[in-house]
Every structure is written in C-alpha cells, then in structure tokens.
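Novice: Here you go, one structure.
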Amino acid sequence: MSNIKEIQEEIVDEFAMFDDWMQRYEYMIELGRNLPLIDEKYKIDENLIKGCQSKVWVHAELEGDKLVFTADSDAIITKGIVAILIRAFSNQHPADIIEADTKFIDDIGLKEHLSPTRANGLVSMIKQLKMYAVAYQTQLN
C-alpha cells in the first residue's frame, strides 16, 4: 500500500504527461468515471460538501485503522476532482490524512485552471476529508 506522498507524486507525474489542459480535463473526467461510488443511502444532505457549486457527496468509513472514502457528484469535472482527492487520501490512517499537505494540487496546476467557485469547492472538499480524518482519529485514540 502506497503512502499519501507516493500517491500524490504519481498523480503529479500522470498530469505531467499531458501537453495541455484540455487533455488534463479529459483525464480528470476519466478518473471521475472510475471513482469509488458512494452508496445511494449515503447521498444525503449531511454528506454534501458545503461550499461546492455542484453537488458533491463524500462518505467516510473506518476499515480497521484506515479511512476509506466514497463519493459522487452531479458534475463531471467535480467528480474528477474528488476522485483525485480520494485516490490520495482513501485507505490511509486518519493521522496521516490530517498531517498530509495538498501541495500536489498546486503542482498539477489544478487550482489555477478552475473557476473561482470550483477552486473554492476544491478547498471545501479537502477540508471535509480532513475533518472526517480528525473525527475518526479521535475514535482511534
């Protein structure tokens, strides 16, 4: 199992293979198609990310001592964004998620290629994943 830093480096390398942002958007859409989908029963208001222009649901569950995320969105680009985050942070220890930086988002140039509302949504998604990690870390202590 790779750690968060290794996964983030893989993501940066993958995005570096593309020549332009149209190809990167297409890749993000593809990642969104392969997202570990949230069970319909978790598509409820309390799992909606606040601050996102689109609807984004994220659910977290502790499996052993690792946090596993599932998600969905009603927008294809947003689905790709949340897929990137879940790939980096799912199946990791809550403490590692809390400590992890998100510099890889800047390294792939994602924030500067999103509309301001999508960029705010990205920040909200990261905050929510980290809040889940804090909540579950408390349970593990």
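Going by the structure tokens order, chains are called A, B, ..., each with residues numbered from 1, while ligands are numbered from 1 in the order shown.
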Write out as a PyMOL selection string which residues come within 12 Å of Glu99 in chain A when counting only C-alpha atoms, dropping same-chain ones fewer than 5 positions away.
Specialist: chain A and resi 4-5+89+92-94+129-131+133-134+137
Novice: For the alpha helix (DSSP H) assignment from backbone DSSP, which residues of range 21-109 of chain A qualify? Please present them as a ChimeraX atom specification.
Specialist: /A:21-33,76-89,94-99,103-107
Novice: Extract, using only C-alpha atoms, all DNA, RNA and protein residues at most 9 Å from range 54-67 of chain A, discarding same-chain residues fewer than 5 positions from it, and format them as a ChimeraX atom specification.
Specialist: /A:38-39,42-49,72-75,78-79,82,89-94,97,118,121,125,128-129,132-133,136-137,140
Novice: Work out how far apart CA of Val123 in chain A and CA of Ile105 in chain A are and give it in Å to one decimal.
Specialist: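 Those two atoms sit 10.2 Å apart.
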Novice: Within 12 Å of Phe15 in chain A, counting only C-alpha atoms, which residues show up once you throw out same-chain ones fewer than 5 positions away? Write them as a PyMOL selection string, please.
Specialist: chain A and resi 8-10+20-28+31+84+104-110
Novice: For a test of reading the model, state the distance in Å between CA of Glu6 in chain A and CA of Phe69 in chain A, rounded to one decimal.
Specialist: 18.2 Å
